>>> print(open('entry.cif').read())   # mmCIF, C-alpha atoms
data_start
loop_
_atom_site.label_atom_id
_atom_site.label_comp_id
_atom_site.auth_asym_id
_atom_site.auth_seq_id
_atom_site.Cartn_x
_atom_site.Cartn_y
_atom_site.Cartn_z
CA ALA I 1 -12.60 12.05 2.14
CA GLN I 2 -8.91 11.59 2.57
CA SER I 3 -6.43 12.04 -0.23
CA VAL I 4 -2.70 12.21 -0.84
CA THR I 5 -0.79 14.21 -3.42
CA GLN I 6 2.80 13.39 -4.23
CA LEU I 7 4.49 16.19 -6.14
CA GLY I 8 6.75 14.87 -8.86
CA SER I 9 6.23 11.44 -10.32
CA HIS I 10 9.96 11.13 -10.92
CA VAL I 11 12.90 12.54 -8.94
CA SER I 12 16.52 12.12 -9.98
CA VAL I 13 19.49 12.76 -7.70
CA SER I 14 23.20 12.05 -7.68
CA GLU I 15 24.71 9.63 -5.21
CA GLY I 16 25.49 11.54 -2.01
CA ALA I 17 22.94 14.28 -2.71
CA LEU I 18 19.94 15.19 -0.58
CA VAL I 19 16.75 13.29 -1.27
CA LEU I 20 13.46 15.18 -0.89
CA LEU I 21 10.17 13.55 -1.82
CA ARG I 22 7.08 15.67 -1.32
CA CYS I 23 3.74 14.59 0.09
CA ASN I 24 0.66 16.62 0.93
CA TYR I 25 -2.47 15.13 2.42
CA SER I 26 -6.08 16.00 2.98
CA SER I 27 -7.88 14.69 6.03
CA SER I 28 -10.82 15.83 8.14
CA VAL I 29 -9.37 14.19 11.25
CA PRO I 30 -5.84 14.01 12.70
CA PRO I 31 -4.16 11.71 10.22
CA TYR I 32 -1.97 8.68 10.47
CA LEU I 33 0.77 9.15 7.85
CA PHE I 34 3.08 6.64 6.25
CA TRP I 35 5.86 6.28 3.71
CA TYR I 36 6.33 2.97 1.96
CA VAL I 37 9.01 1.87 -0.50
CA GLN I 38 8.58 -0.59 -3.34
CA TYR I 39 11.55 -2.19 -5.05
CA PRO I 40 11.05 -3.78 -8.49
CA ASN I 41 8.94 -6.92 -8.40
CA GLN I 42 8.44 -6.69 -4.65
CA GLY I 43 5.72 -5.70 -2.24
CA LEU I 44 5.54 -2.51 -0.22
CA GLN I 45 7.79 -2.09 2.78
CA LEU I 46 7.15 0.44 5.53
CA LEU I 47 9.82 3.14 5.78
CA LEU I 48 8.32 5.18 8.59
CA LYS I 49 5.06 6.31 10.12
CA TYR I 50 3.54 9.18 12.10
CA THR I 51 0.62 8.62 14.43
CA THR I 52 0.95 11.01 17.38
CA GLY I 53 3.70 12.72 19.34
CA ALA I 54 6.99 13.90 17.90
CA THR I 55 6.48 15.41 14.47
CA LEU I 56 9.92 14.42 13.16
CA VAL I 57 9.97 10.69 12.65
CA LYS I 58 12.93 8.56 11.72
CA GLY I 59 12.67 5.43 9.67
CA ILE I 60 14.79 2.73 8.18
CA ASN I 61 17.74 3.24 5.84
CA GLY I 62 18.41 6.79 7.07
CA PHE I 63 15.09 8.29 5.95
CA GLU I 64 13.08 10.71 8.01
CA ALA I 65 9.91 12.76 7.58
CA GLU I 66 8.36 15.71 9.33
CA PHE I 67 4.64 16.13 9.95
CA LYS I 68 3.64 19.77 9.44
CA LYS I 69 -0.02 20.23 10.27
CA SER I 70 -0.16 23.86 9.16
CA GLU I 71 1.14 22.87 5.71
CA THR I 72 -0.68 19.49 5.61
CA SER I 73 2.63 17.99 4.52
CA PHE I 74 4.71 14.93 5.32
CA HIS I 75 7.81 15.22 3.15
CA LEU I 76 10.40 12.45 3.11
CA THR I 77 14.11 13.27 3.26
CA LYS I 78 17.47 11.57 3.37
CA PRO I 79 20.70 13.57 3.71
CA SER I 80 22.79 11.47 1.34
CA ALA I 81 21.39 9.26 -1.41
CA HIS I 82 22.74 5.82 -2.08
CA MET I 83 22.39 3.80 -5.25
CA SER I 84 20.34 1.25 -3.34
CA ASP I 85 17.69 3.92 -2.62
CA ALA I 86 16.48 3.77 -6.22
CA ALA I 87 12.88 2.58 -5.94
CA GLU I 88 9.29 3.81 -5.94
CA TYR I 89 8.09 5.63 -2.86
CA PHE I 90 4.49 5.96 -1.73
CA CYS I 91 2.98 8.30 0.80
CA ALA I 92 -0.24 7.14 2.49
CA VAL I 93 -2.84 8.42 4.95
CA SER I 94 -5.43 6.80 7.18
CA GLU I 95 -7.91 7.94 9.83
CA LYS I 96 -6.90 5.46 12.49
CA ALA I 97 -5.37 2.07 13.10
CA GLY I 98 -7.34 -0.75 11.57
CA THR I 99 -8.52 1.18 8.53
CA ALA I 100 -7.40 1.15 4.91
CA LEU I 101 -4.55 3.36 3.79
CA ILE I 102 -5.12 5.79 0.95
CA PHE I 103 -2.02 6.05 -1.21
CA GLY I 104 -0.57 8.74 -3.39
CA LYS I 105 0.40 7.90 -6.96
CA GLY I 106 4.02 7.35 -6.04
CA THR I 107 7.38 8.93 -6.83
CA THR I 108 10.10 7.03 -8.63
CA LEU I 109 13.53 7.89 -7.26
CA SER I 110 16.53 7.46 -9.55
CA VAL I 111 20.07 7.72 -8.18
CA SER I 112 23.00 8.24 -10.52
CA SER I 113 26.68 7.75 -9.78
CA ASP X 1 9.53 -11.13 4.65
CA SER X 2 6.32 -9.44 5.82
CA GLY X 3 4.64 -12.68 6.81
CA VAL X 4 1.79 -12.14 4.32
CA THR X 5 1.63 -14.86 1.67
CA GLN X 6 -0.05 -14.49 -1.70
CA THR X 7 -0.62 -17.08 -4.41
CA PRO X 8 -0.21 -17.34 -7.30
CA LYS X 9 2.64 -14.91 -7.97
CA HIS X 10 1.85 -14.76 -11.68
CA LEU X 11 -1.31 -15.58 -13.59
CA ILE X 12 -2.06 -15.29 -17.30
CA THR X 13 -5.59 -15.76 -18.55
CA ALA X 14 -7.97 -14.71 -21.29
CA THR X 15 -10.73 -12.12 -21.43
CA GLY X 16 -14.03 -13.35 -20.05
CA GLN X 17 -12.42 -15.81 -17.66
CA ARG X 18 -12.55 -15.97 -13.86
CA VAL X 19 -9.62 -16.22 -11.46
CA THR X 20 -9.14 -16.51 -7.71
CA LEU X 21 -6.27 -14.92 -5.82
CA ARG X 22 -5.41 -16.20 -2.38
CA CYS X 23 -3.92 -14.45 0.66
CA SER X 24 -2.77 -15.69 4.05
CA PRO X 25 -2.32 -12.83 6.56
CA ARG X 26 0.37 -12.57 9.20
CA SER X 27 -0.15 -14.83 12.15
CA GLY X 28 -2.58 -13.16 14.54
CA ASP X 29 -3.74 -10.42 12.18
CA LEU X 30 -7.52 -10.25 11.85
CA SER X 31 -7.79 -7.65 9.07
CA VAL X 32 -7.12 -8.32 5.41
CA TYR X 33 -7.06 -5.65 2.72
CA TRP X 34 -6.96 -5.99 -1.05
CA TYR X 35 -5.36 -3.42 -3.33
CA GLN X 36 -4.98 -3.14 -7.08
CA GLN X 37 -1.86 -1.51 -8.53
CA SER X 38 -1.84 -0.41 -12.15
CA LEU X 39 0.22 2.11 -14.09
CA ASP X 40 -2.66 4.48 -14.73
CA GLN X 41 -4.59 4.21 -11.44
CA GLY X 42 -1.76 3.66 -8.97
CA LEU X 43 -2.56 1.80 -5.74
CA GLN X 44 -6.32 1.52 -5.32
CA PHE X 45 -7.98 0.13 -2.21
CA LEU X 46 -10.53 -2.52 -3.11
CA ILE X 47 -11.95 -4.06 0.06
CA GLN X 48 -11.23 -4.86 3.71
CA TYR X 49 -12.30 -7.82 5.80
CA TYR X 50 -12.08 -8.08 9.55
CA ASN X 51 -12.42 -11.46 11.25
CA GLY X 52 -14.56 -12.85 8.45
CA GLU X 53 -16.79 -9.87 7.87
CA GLU X 54 -16.62 -7.13 5.28
CA ARG X 55 -15.43 -3.94 7.00
CA ALA X 56 -14.91 -1.39 4.24
CA LYS X 57 -15.27 -1.10 0.49
CA GLY X 58 -13.19 0.96 -1.87
CA ASN X 59 -13.12 1.06 -5.65
CA ILE X 60 -14.07 -2.56 -6.17
CA LEU X 61 -15.92 -3.46 -9.35
CA GLU X 62 -19.12 -5.51 -9.20
CA ARG X 63 -17.34 -8.22 -11.20
CA PHE X 64 -14.94 -8.62 -8.27
CA SER X 65 -15.76 -10.20 -4.94
CA ALA X 66 -13.84 -11.30 -1.87
CA GLN X 67 -14.31 -13.29 1.28
CA GLN X 68 -12.40 -14.13 4.44
CA PHE X 69 -12.61 -17.63 5.81
CA PRO X 70 -12.67 -18.85 9.44
CA ASP X 71 -8.93 -19.55 9.32
CA LEU X 72 -8.55 -15.87 8.30
CA HIS X 73 -7.18 -16.46 4.84
CA SER X 74 -8.86 -14.44 2.13
CA GLU X 75 -9.67 -14.90 -1.53
CA LEU X 76 -10.30 -12.28 -4.19
CA ASN X 77 -12.43 -13.48 -7.08
CA LEU X 78 -12.23 -11.65 -10.40
CA SER X 79 -14.76 -12.60 -13.06
CA SER X 80 -15.62 -11.65 -16.65
CA LEU X 81 -12.07 -10.44 -16.94
CA GLU X 82 -11.20 -7.55 -19.23
CA LEU X 83 -7.87 -6.37 -20.59
CA GLY X 84 -7.98 -3.47 -18.15
CA ASP X 85 -8.00 -5.82 -15.19
CA SER X 86 -4.36 -6.62 -15.86
CA ALA X 87 -2.57 -5.38 -12.75
CA LEU X 88 -0.68 -6.30 -9.64
CA TYR X 89 -3.02 -7.28 -6.83
CA PHE X 90 -1.75 -6.88 -3.30
CA CYS X 91 -3.03 -8.29 -0.09
CA ALA X 92 -2.14 -6.66 3.22
CA SER X 93 -2.92 -7.41 6.82
CA SER X 94 -2.97 -5.56 10.12
CA PRO X 95 -3.57 -6.36 13.77
CA ARG X 96 -6.77 -5.43 15.54
CA GLY X 97 -7.20 -1.67 15.53
CA SER X 98 -6.33 -0.96 19.14
CA ARG X 99 -3.31 -3.20 19.03
CA GLY X 100 -1.70 -1.69 15.94
CA THR X 101 -0.26 1.65 14.97
CA GLY X 102 -1.97 1.73 11.62
CA GLU X 103 0.57 0.27 9.27
CA LEU X 104 -0.33 -2.47 6.85
CA PHE X 105 1.93 -5.41 6.07
CA PHE X 106 1.95 -6.24 2.39
CA GLY X 107 2.45 -9.46 0.52
CA GLU X 108 4.53 -9.59 -2.65
CA GLY X 109 1.48 -9.46 -4.88
CA SER X 110 -0.15 -11.49 -7.61
CA ARG X 111 0.51 -10.24 -11.12
CA LEU X 112 -2.50 -10.83 -13.36
CA THR X 113 -2.19 -10.57 -17.11
CA VAL X 114 -5.38 -10.73 -19.18
CA LEU X 115 -4.85 -11.45 -22.88
#
>>> encode(input="entry.cif", output="structure tokens")
Amino acid sequence: AQSVTQLGSHVSVSEGALVLLRCNYSSSVPPYLFWYVQYPNQGLQLLLKYTTGATLVKGINGFEAEFKKSETSFHLTKPSAHMSDAAEYFCAVSEKAGTALIFGKGTTLSVSS
Amino acid sequence: DSGVTQTPKHLITATGQRVTLRCSPRSGDLSVYWYQQSLDQGLQFLIQYYNGEERAKGNILERFSAQQFPDLHSELNLSSLELGDSALYFCASSPRGSRGTGELFFGEGSRLTVL
């Protein structure tokens, strides 16, 4: 069975600092990996995804993530945090297109000025 | 705007009651997924329908049921409601497997409060 572990339920950074949100997955097949963001009282919005090919993927709002098979990780980074990045972030895994995503428990990102 | 529409946005009801949540997927998407989001359980996959047929089941209680209609909209029925059923229920849709890259498109959710 697939699973996702997000290390740290809450991460706090200063504006302009590096953002690093950690995600490790478990999958018996080559995974499809995703990061979603959820702003208060809104649905989930896709930040970026990895399916095949280049292991460093770039997403919206300056975020990127690197797929590391040997470490079973898909950590999310952004070089410089902005106040508007404050939200909850979810990592997810699936076996293939057309199947349900399995989500981690989420990481709340706080950004202080 | 993801293109996925959910109604109602908010619903307050009492224990023991039954409610129906409705979802219209993005135009052209054949798959619909239902998720439950709560503080203690996080985002839990409930059930998936593909072109009217049940495709996969997750952690869906027997008191809950769903269906997808010929026009592809879906309904999630929650019965004999308990306080613990209070949560945000999301619907998501995706294209046919070979035509998509795996991501799901989420609606804004239906917030259910059971008193």
>>> closest_residue(input="entry.cif", among="I:Thr108, I:Ser84, I:Thr99, I:Ser94", to="Phe34 (chain I)", atoms="only C-alpha atoms")
I:Ser94
>>> resolve_selection(input="entry.cif", expression="the PyMOL selection byres ((chain I) within 8 of (chain X))", output="number ranges by chain")
I: 32, 34, 41-46, 49, 51, 94, 96-106
>>> closest_residue(input="entry.cif", among="X:Ser65, X:Ser27, X:Asn77, X:Asn51", to="Thr5 (chain X)", atoms="only C-alpha atoms")
X:Ser27
>>> resolve_selection(input="entry.cif", expression="the PyMOL selection byres ((chain I and resi 58) around 10)", output="list in words")
Leu47, Leu48, Lys49, Tyr50, Thr55, Leu56, Val57, Gly59, Ile60, Asn61, Gly62, Phe63, Glu64, Ala65, Glu66, Leu76, Thr77 and Lys78 of chain I
>>> closest_residue(input="entry.cif", among="I:Leu18, I:Ser70, I:Gly53, I:Pro40", to="Ala86 (chain I)", atoms="all atoms listed in the file")
I:Pro40
>>> closest_residue(input="entry.cif", among="I:Ser14, I:Ser28, I:Thr107, I:Ser113", to="Ser80 (chain I)", atoms="all atoms listed in the file")
I:Ser14
>>> axis_aligned_box(input="entry.cif", around="region 92-103 of chain I", padding_each_side="6 Å", output="AutoDock Vina command-line options")
--center_x -4.4 --center_y 3.8 --center_z 5.9 --size_x 20.3 --size_y 21.2 --size_z 26.3
>>> atom_distance(input="entry.cif", atom1="CA of Leu81 (chain X)", atom2="CA of Glu54 (chain X)")
22.9 Å
>>> resolve_selection(input="entry.cif", expression="the PyMOL selection byres ((chain X and resi 64) around 7)", output="list of chain:residue names")
X:Ile60, X:Leu61, X:Glu62, X:Arg63, X:Ser65, X:Asn77, X:Leu78, X:Ser79
>>> atom_distance(input="entry.cif", atom1="CA of Phe67 (chain I)", atom2="CA of Ser27 (chain I)")
13.2 Å
>>> residues_around(input="entry.cif", residues="Gly52 (chain X)", least_positions_apart="2", cutoff="7 Å", atoms="only C-alpha atoms", output="PyMOL selection string")
chain X and resi 49-50+54+68-70+72
>>> atom_distance(input="entry.cif", atom1="CA of Ser9 (chain I)", atom2="CA of Leu11 (chain X)")
28.2 Å
>>> closest_residue(input="entry.cif", among="I:Glu71, I:Glu15, I:Glu88, I:Glu95", to="Trp35 (chain I)", atoms="all atoms listed in the file")
I:Glu88
>>> closest_residue(input="entry.cif", among="I:Val11, I:Leu33, I:Leu20, I:Val111", to="Met83 (chain I)", atoms="all atoms listed in the file")
I:Val111
>>> residues_around(input="entry.cif", residues="Ser26 (chain I)", least_positions_apart="4", cutoff="7 Å", atoms="all atoms listed in the file", output="count of residues only")
4
>>> decode(input="entry.cif", residues="region 31-54 of chain X", atoms="N, CA, C and O atoms", output="mmCIF file, in the first residue's frame")
data_model
loop_
_atom_site.group_PDB
_atom_site.id
_atom_site.type_symbol
_atom_site.label_atom_id
_atom_site.label_comp_id
_atom_site.auth_asym_id
_atom_site.auth_seq_id
_atom_site.Cartn_x
_atom_site.Cartn_y
_atom_site.Cartn_z
ATOM 1 N N SER X 31 -13.851 10.792 -14.294
ATOM 2 C CA SER X 31 -13.639 10.280 -12.940
ATOM 3 C C SER X 31 -14.005 11.315 -11.897
ATOM 4 O O SER X 31 -13.660 12.492 -12.037
ATOM 5 N N VAL X 32 -14.683 10.849 -10.856
ATOM 6 C CA VAL X 32 -15.000 11.685 -9.703
ATOM 7 C C VAL X 32 -14.507 10.968 -8.454
ATOM 8 O O VAL X 32 -14.663 9.756 -8.300
ATOM 9 N N TYR X 33 -13.907 11.734 -7.556
ATOM 10 C CA TYR X 33 -13.373 11.212 -6.306
ATOM 11 C C TYR X 33 -13.988 11.997 -5.154
ATOM 12 O O TYR X 33 -14.155 13.214 -5.247
ATOM 13 N N TRP X 34 -14.228 11.322 -4.055
ATOM 14 C CA TRP X 34 -14.692 11.981 -2.840
ATOM 15 C C TRP X 34 -13.650 11.800 -1.737
ATOM 16 O O TRP X 34 -13.141 10.692 -1.531
ATOM 17 N N TYR X 35 -13.383 12.900 -1.048
ATOM 18 C CA TYR X 35 -12.453 12.902 0.071
ATOM 19 C C TYR X 35 -13.111 13.551 1.280
ATOM 20 O O TYR X 35 -13.947 14.443 1.138
ATOM 21 N N GLN X 36 -12.691 13.105 2.454
ATOM 22 C CA GLN X 36 -13.109 13.719 3.707
ATOM 23 C C GLN X 36 -11.884 14.339 4.371
ATOM 24 O O GLN X 36 -10.847 13.681 4.490
ATOM 25 N N GLN X 37 -12.005 15.607 4.786
ATOM 26 C CA GLN X 37 -10.899 16.257 5.485
ATOM 27 C C GLN X 37 -11.340 16.632 6.891
ATOM 28 O O GLN X 37 -12.272 17.406 7.079
ATOM 29 N N SER X 38 -10.658 16.086 7.884
ATOM 30 C CA SER X 38 -10.930 16.430 9.270
ATOM 31 C C SER X 38 -9.611 16.695 9.971
ATOM 32 O O SER X 38 -8.548 16.298 9.491
ATOM 33 N N LEU X 39 -9.694 17.357 11.113
ATOM 34 C CA LEU X 39 -8.471 17.744 11.824
ATOM 35 C C LEU X 39 -7.672 16.530 12.273
ATOM 36 O O LEU X 39 -6.443 16.515 12.188
ATOM 37 N N ASP X 40 -8.371 15.494 12.736
ATOM 38 C CA ASP X 40 -7.635 14.352 13.283
ATOM 39 C C ASP X 40 -7.220 13.343 12.212
ATOM 40 O O ASP X 40 -6.169 12.709 12.339
ATOM 41 N N GLN X 41 -7.992 13.198 11.150
ATOM 42 C CA GLN X 41 -7.689 12.172 10.139
ATOM 43 C C GLN X 41 -7.013 12.725 8.895
ATOM 44 O O GLN X 41 -6.533 11.957 8.061
ATOM 45 N N GLY X 42 -7.001 14.044 8.743
ATOM 46 C CA GLY X 42 -6.415 14.606 7.528
ATOM 47 C C GLY X 42 -7.315 14.359 6.336
ATOM 48 O O GLY X 42 -8.533 14.258 6.465
ATOM 49 N N LEU X 43 -6.714 14.243 5.151
ATOM 50 C CA LEU X 43 -7.457 14.037 3.902
ATOM 51 C C LEU X 43 -7.562 12.546 3.630
ATOM 52 O O LEU X 43 -6.582 11.893 3.291
ATOM 53 N N GLN X 44 -8.778 12.025 3.740
ATOM 54 C CA GLN X 44 -9.004 10.590 3.547
ATOM 55 C C GLN X 44 -9.785 10.361 2.261
ATOM 56 O O GLN X 44 -10.845 10.951 2.051
ATOM 57 N N PHE X 45 -9.290 9.460 1.439
ATOM 58 C CA PHE X 45 -9.990 9.079 0.216
ATOM 59 C C PHE X 45 -11.180 8.203 0.572
ATOM 60 O O PHE X 45 -11.053 7.235 1.323
ATOM 61 N N LEU X 46 -12.343 8.542 0.038
ATOM 62 C CA LEU X 46 -13.545 7.778 0.326
ATOM 63 C C LEU X 46 -13.886 6.819 -0.810
ATOM 64 O O LEU X 46 -14.008 5.609 -0.612
ATOM 65 N N ILE X 47 -14.081 7.367 -2.018
ATOM 66 C CA ILE X 47 -14.559 6.527 -3.115
ATOM 67 C C ILE X 47 -14.309 7.227 -4.441
ATOM 68 O O ILE X 47 -14.242 8.452 -4.493
ATOM 69 N N GLN X 48 -14.158 6.411 -5.503
ATOM 70 C CA GLN X 48 -13.972 6.924 -6.858
ATOM 71 C C GLN X 48 -14.999 6.301 -7.785
ATOM 72 O O GLN X 48 -15.258 5.098 -7.714
ATOM 73 N N TYR X 49 -15.538 7.125 -8.662
ATOM 74 C CA TYR X 49 -16.404 6.652 -9.734
ATOM 75 C C TYR X 49 -15.780 7.024 -11.070
ATOM 76 O O TYR X 49 -15.149 8.070 -11.208
ATOM 77 N N TYR X 50 -15.980 6.137 -12.034
ATOM 78 C CA TYR X 50 -15.504 6.386 -13.383
ATOM 79 C C TYR X 50 -16.648 6.097 -14.355
ATOM 80 O O TYR X 50 -17.112 4.957 -14.439
ATOM 81 N N ASN X 51 -17.102 7.127 -15.026
ATOM 82 C CA ASN X 51 -18.144 7.001 -16.042
ATOM 83 C C ASN X 51 -19.351 6.215 -15.533
ATOM 84 O O ASN X 51 -19.877 5.349 -16.235
ATOM 85 N N GLY X 52 -19.751 6.508 -14.311
ATOM 86 C CA GLY X 52 -20.958 5.921 -13.755
ATOM 87 C C GLY X 52 -20.757 4.677 -12.917
ATOM 88 O O GLY X 52 -21.696 4.215 -12.258
ATOM 89 N N GLU X 53 -19.563 4.139 -12.933
ATOM 90 C CA GLU X 53 -19.332 2.904 -12.184
ATOM 91 C C GLU X 53 -18.305 3.123 -11.071
ATOM 92 O O GLU X 53 -17.348 3.871 -11.240
ATOM 93 N N GLU X 54 -18.516 2.415 -9.976
ATOM 94 C CA GLU X 54 -17.567 2.494 -8.875
ATOM 95 C C GLU X 54 -16.233 1.908 -9.311
ATOM 96 O O GLU X 54 -16.161 0.791 -9.825
#
